[in-house]
Amino acid sequence: MNSPTILMEGFMKTRALASVLMALSIATVTPALADTVGEVRAVYDEFRAAQNARDLAKVKSLLIESPEFLWVSDGKSFWGPDALVKRMAEFQLAEVWRVDPEIDKAAIVEVDDHAAYIHMPLTLTIGLKAKPDVIRFLVSILCVKRPEGWRIAALFTTNDKPN
């Protein structure tokens, strides 16, 4: 055999080995990512359901219990879970209060094994039954894994502006 043939065979074997290793690495990572996505989505689903049920105790239980919890709403920073609950309680005095996320447009980005972001559009319907305000938002939510499970560490909202 000549040198080019030997080199080509070596290249093909290396490429095949690299393909197998890549496939194995993807196979081992994919279930973990799928678990994270499912778990993060589940904690957000609980959070949304608790908001819509006006169950502020449940809302608070899904947040990290820390003064470092952050909610940015209307261009203002609210630190700690009690600040979120107090502000949300004021909003929920309205006759109508409903959060409708567009889950099908949600992007869940795993930062590492213990942190992930959810980014999605949602609609908040709030106000009087006869004529509620309908506000479109973009929301980004930082979720962190704690011993008790996934919790929300931060919420960032901004008005959704069409392109």
# chains A, B, ... in the order shown; residues from 1 in each chain; ligands from 1
call {"tool": "select_by_dssp", "arguments": {"residues": "region 12-162 of chain A", "states": "strand (DSSP E)", "output": "ChimeraX atom specification"}}
result
/A:70-73,76-79,96-101,107-112,115-127,132-146,149-159
call {"tool": "residues_around", "arguments": {"residues": "Pro101 (chain A)", "least_positions_apart": "4", "cutoff": "7 Å", "atoms": "only C-alpha atoms", "output": "JSON, numbers by chain"}}
result
{"A": [121, 122, 123]}
call {"tool": "write_last_selection", "arguments": {"atoms": "all heavy atoms", "output": "PDB file, in the first residue's frame"}}
result
ATOM      1  N   PRO A 121     -42.956  34.597  25.447  1.00  0.00           N
ATOM      2  CA  PRO A 121     -43.968  35.638  25.493  1.00  0.00           C
ATOM      3  C   PRO A 121     -45.144  35.165  26.347  1.00  0.00           C
ATOM      4  O   PRO A 121     -45.393  33.960  26.453  1.00  0.00           O
ATOM      5  CB  PRO A 121     -44.381  35.796  24.021  1.00  0.00           C
ATOM      6  CG  PRO A 121     -44.002  34.528  23.363  1.00  0.00           C
ATOM      7  CD  PRO A 121     -42.903  33.905  24.172  1.00  0.00           C
ATOM      8  N   LEU A 122     -45.827  36.114  26.939  1.00  0.00           N
ATOM      9  CA  LEU A 122     -47.057  35.790  27.656  1.00  0.00           C
ATOM     10  C   LEU A 122     -47.986  36.986  27.609  1.00  0.00           C
ATOM     11  O   LEU A 122     -47.574  38.112  27.346  1.00  0.00           O
ATOM     12  CB  LEU A 122     -46.792  35.339  29.095  1.00  0.00           C
ATOM     13  CG  LEU A 122     -46.179  36.298  30.115  1.00  0.00           C
ATOM     14  CD1 LEU A 122     -47.207  37.250  30.689  1.00  0.00           C
ATOM     15  CD2 LEU A 122     -45.576  35.499  31.254  1.00  0.00           C
ATOM     16  N   THR A 123     -49.236  36.705  27.883  1.00  0.00           N
ATOM     17  CA  THR A 123     -50.252  37.749  27.926  1.00  0.00           C
ATOM     18  C   THR A 123     -50.795  37.816  29.344  1.00  0.00           C
ATOM     19  O   THR A 123     -51.154  36.791  29.919  1.00  0.00           O
ATOM     20  CB  THR A 123     -51.398  37.436  26.934  1.00  0.00           C
ATOM     21  OG1 THR A 123     -50.841  37.323  25.628  1.00  0.00           O
ATOM     22  CG2 THR A 123     -52.451  38.523  26.953  1.00  0.00           C
TER      23      THR A 123
END
call {"tool": "atom_distance", "arguments": {"atom1": "CA of Ala42 (chain A)", "atom2": "CA of Thr125 (chain A)"}}
result
22.2 Å
call {"tool": "residues_around", "arguments": {"residues": "Glu148 (chain A)", "least_positions_apart": "5", "cutoff": "12 Å", "atoms": "only C-alpha atoms", "output": "CSV table (one decimal) with all heavy atoms, in the first residue's frame"}}
result
chain,number,residue,atom,x,y,z
A,43,VAL,N,-42.0,23.4,37.1
A,43,VAL,CA,-42.0,24.4,38.1
A,43,VAL,C,-42.7,25.7,37.6
A,43,VAL,O,-43.4,26.3,38.3
A,43,VAL,CB,-40.6,24.7,38.7
A,43,VAL,CG1,-39.8,25.6,37.9
A,43,VAL,CG2,-40.8,25.3,40.1
A,61,SER,N,-43.9,29.7,47.6
A,61,SER,CA,-43.2,28.4,47.8
A,61,SER,C,-42.4,28.0,46.6
A,61,SER,O,-41.5,27.1,46.7
A,61,SER,CB,-44.2,27.3,48.2
A,61,SER,OG,-44.9,26.8,47.0
A,62,LEU,N,-42.6,28.5,45.4
A,62,LEU,CA,-41.9,28.2,44.2
A,62,LEU,C,-40.7,29.1,44.0
A,62,LEU,O,-40.0,28.9,43.0
A,62,LEU,CB,-42.9,28.2,43.0
A,62,LEU,CG,-44.0,27.1,43.1
A,62,LEU,CD1,-45.0,27.3,42.1
A,62,LEU,CD2,-43.4,25.7,43.0
A,63,LEU,N,-40.5,30.1,44.8
A,63,LEU,CA,-39.4,31.0,44.7
A,63,LEU,C,-38.3,30.6,45.7
A,63,LEU,O,-38.6,29.9,46.7
A,63,LEU,CB,-39.9,32.4,45.1
A,63,LEU,CG,-41.2,33.0,44.4
A,63,LEU,CD1,-41.5,34.3,45.0
A,63,LEU,CD2,-41.0,33.0,42.9
A,64,ILE,N,-37.1,31.0,45.4
A,64,ILE,CA,-36.0,30.8,46.3
A,64,ILE,C,-36.3,31.6,47.6
A,64,ILE,O,-36.8,32.7,47.5
A,64,ILE,CB,-34.6,31.0,45.8
A,64,ILE,CG1,-34.4,32.5,45.4
A,64,ILE,CG2,-34.2,30.1,44.7
A,64,ILE,CD1,-33.0,32.9,45.1
A,65,GLU,N,-36.0,31.1,48.7
A,65,GLU,CA,-36.3,31.8,50.0
A,65,GLU,C,-35.0,32.5,50.3
A,65,GLU,O,-34.1,32.1,51.0
A,65,GLU,CB,-36.6,30.8,51.1
A,65,GLU,CG,-37.0,31.5,52.4
A,65,GLU,CD,-38.2,32.5,52.3
A,65,GLU,OE1,-39.2,32.1,51.7
A,65,GLU,OE2,-38.1,33.6,52.8
call {"tool": "select_by_dssp", "arguments": {"residues": "region 15-116 of chain A", "states": "alpha helix (DSSP H)", "output": "ChimeraX atom specification"}}
result
/A:15-52,56-61,81-91
call {"tool": "residues_around", "arguments": {"residues": "Glu39 (chain A)", "least_positions_apart": "6", "cutoff": "10 Å", "atoms": "only C-alpha atoms", "output": "MDAnalysis selection string"}}
result
chainID A and resid 33 45 143 145 149:151
call {"tool": "write_last_selection", "arguments": {"atoms": "N, CA and C atoms", "output": "PDB file, in the first residue's frame"}}
result
ATOM      1  N   LEU A  33     -30.590  16.685  29.837  1.00  0.00           N
ATOM      2  CA  LEU A  33     -31.183  17.921  29.343  1.00  0.00           C
ATOM      3  C   LEU A  33     -32.698  17.791  29.291  1.00  0.00           C
ATOM      4  N   ASP A  45     -45.025  25.790  35.244  1.00  0.00           N
ATOM      5  CA  ASP A  45     -46.456  25.482  35.149  1.00  0.00           C
ATOM      6  C   ASP A  45     -47.147  25.612  36.505  1.00  0.00           C
ATOM      7  N   CYS A 143     -34.286  29.757  36.800  1.00  0.00           N
ATOM      8  CA  CYS A 143     -34.637  28.682  37.730  1.00  0.00           C
ATOM      9  C   CYS A 143     -33.354  28.036  38.225  1.00  0.00           C
ATOM     10  N   LYS A 145     -31.771  24.768  40.790  1.00  0.00           N
ATOM     11  CA  LYS A 145     -32.094  23.505  41.455  1.00  0.00           C
ATOM     12  C   LYS A 145     -31.587  23.564  42.882  1.00  0.00           C
ATOM     13  N   GLY A 149     -35.894  20.907  45.208  1.00  0.00           N
ATOM     14  CA  GLY A 149     -36.342  20.865  43.814  1.00  0.00           C
ATOM     15  C   GLY A 149     -36.050  22.180  43.104  1.00  0.00           C
ATOM     16  N   TRP A 150     -36.547  22.308  41.894  1.00  0.00           N
ATOM     17  CA  TRP A 150     -36.338  23.524  41.116  1.00  0.00           C
ATOM     18  C   TRP A 150     -37.174  24.660  41.696  1.00  0.00           C
ATOM     19  N   ARG A 151     -36.558  25.843  41.765  1.00  0.00           N
ATOM     20  CA  ARG A 151     -37.224  27.048  42.272  1.00  0.00           C
ATOM     21  C   ARG A 151     -36.878  28.222  41.361  1.00  0.00           C
TER      22      ARG A 151
END
call {"tool": "residues_around", "arguments": {"residues": "Ala89 (chain A)", "least_positions_apart": "5", "cutoff": "10 Å", "atoms": "only C-alpha atoms", "output": "list in words"}}
result
Gln51, Arg54, Asp55, Leu56, Ala83, Leu84 and Ala94 of chain A
call {"tool": "write_last_selection", "arguments": {"atoms": "N, CA, C and O atoms", "output": "PDB file, in the first residue's frame"}}
result
ATOM      1  N   GLN A  51     -50.481  31.529  40.242  1.00  0.00           N
ATOM      2  CA  GLN A  51     -50.849  32.926  39.973  1.00  0.00           C
ATOM      3  C   GLN A  51     -52.311  33.029  39.560  1.00  0.00           C
ATOM      4  O   GLN A  51     -53.057  33.856  40.080  1.00  0.00           O
ATOM      5  N   ARG A  54     -54.688  32.661  42.178  1.00  0.00           N
ATOM      6  CA  ARG A  54     -54.473  33.695  43.204  1.00  0.00           C
ATOM      7  C   ARG A  54     -54.015  33.074  44.516  1.00  0.00           C
ATOM      8  O   ARG A  54     -54.356  33.529  45.603  1.00  0.00           O
ATOM      9  N   ASP A  55     -53.231  32.029  44.400  1.00  0.00           N
ATOM     10  CA  ASP A  55     -52.697  31.310  45.558  1.00  0.00           C
ATOM     11  C   ASP A  55     -51.273  31.811  45.829  1.00  0.00           C
ATOM     12  O   ASP A  55     -50.291  31.215  45.398  1.00  0.00           O
ATOM     13  N   LEU A  56     -51.178  32.921  46.547  1.00  0.00           N
ATOM     14  CA  LEU A  56     -49.889  33.564  46.764  1.00  0.00           C
ATOM     15  C   LEU A  56     -48.964  32.741  47.663  1.00  0.00           C
ATOM     16  O   LEU A  56     -47.744  32.833  47.530  1.00  0.00           O
ATOM     17  N   ALA A  83     -41.426  40.710  48.677  1.00  0.00           N
ATOM     18  CA  ALA A  83     -41.700  41.868  47.809  1.00  0.00           C
ATOM     19  C   ALA A  83     -42.533  41.448  46.602  1.00  0.00           C
ATOM     20  O   ALA A  83     -43.457  42.160  46.201  1.00  0.00           O
ATOM     21  N   LEU A  84     -42.235  40.289  46.040  1.00  0.00           N
ATOM     22  CA  LEU A  84     -43.038  39.800  44.918  1.00  0.00           C
ATOM     23  C   LEU A  84     -44.468  39.538  45.366  1.00  0.00           C
ATOM     24  O   LEU A  84     -45.417  39.961  44.708  1.00  0.00           O
ATOM     25  N   ALA A  94     -57.490  43.187  41.319  1.00  0.00           N
ATOM     26  CA  ALA A  94     -58.301  43.415  40.126  1.00  0.00           C
ATOM     27  C   ALA A  94     -59.329  42.295  39.974  1.00  0.00           C
ATOM     28  O   ALA A  94     -59.079  41.153  40.372  1.00  0.00           O
TER      29      ALA A  94
END
call {"tool": "closest_residue", "arguments": {"among": "A:His119, A:Arg146, A:Arg98, A:His114", "to": "Val134 (chain A)", "atoms": "only C-alpha atoms"}}
result
A:Arg98
call {"tool": "closest_residue", "arguments": {"among": "A:Val72, A:Leu128, A:Val109, A:Met120", "to": "Asp160 (chain A)", "atoms": "only C-alpha atoms"}}
result
A:Met120
call {"tool": "atom_distance", "arguments": {"atom1": "CA of Ala115 (chain A)", "atom2": "CA of Glu46 (chain A)"}}
result
17.7 Å
call {"tool": "atom_distance", "arguments": {"atom1": "CA of Glu102 (chain A)", "atom2": "CA of Val144 (chain A)"}}
result
21.6 Å
call {"tool": "residues_around", "arguments": {"residues": "Thr36 (chain A)", "least_positions_apart": "6", "cutoff": "8 Å", "atoms": "only C-alpha atoms", "output": "PyMOL selection string"}}
result
chain A and resi 110+113+116
call {"tool": "closest_residue", "arguments": {"among": "A:Met88, A:Val59, A:Leu70, A:Val96", "to": "Lys129 (chain A)", "atoms": "only C-alpha atoms"}}
result
A:Val96
call {"tool": "closest_residue", "arguments": {"among": "A:Arg41, A:Ile126, A:Pro162, A:Asp35", "to": "Gln92 (chain A)", "atoms": "only C-alpha atoms"}}
result
A:Ile126
call {"tool": "closest_residue", "arguments": {"among": "A:Arg87, A:Asp74, A:Leu142, A:Asp100", "to": "Thr158 (chain A)", "atoms": "only C-alpha atoms"}}
result
A:Asp74
call {"tool": "closest_residue", "arguments": {"among": "A:Ile152, A:Leu124, A:Ile118, A:Ile108", "to": "Val139 (chain A)", "atoms": "only C-alpha atoms"}}
result
A:Ile118
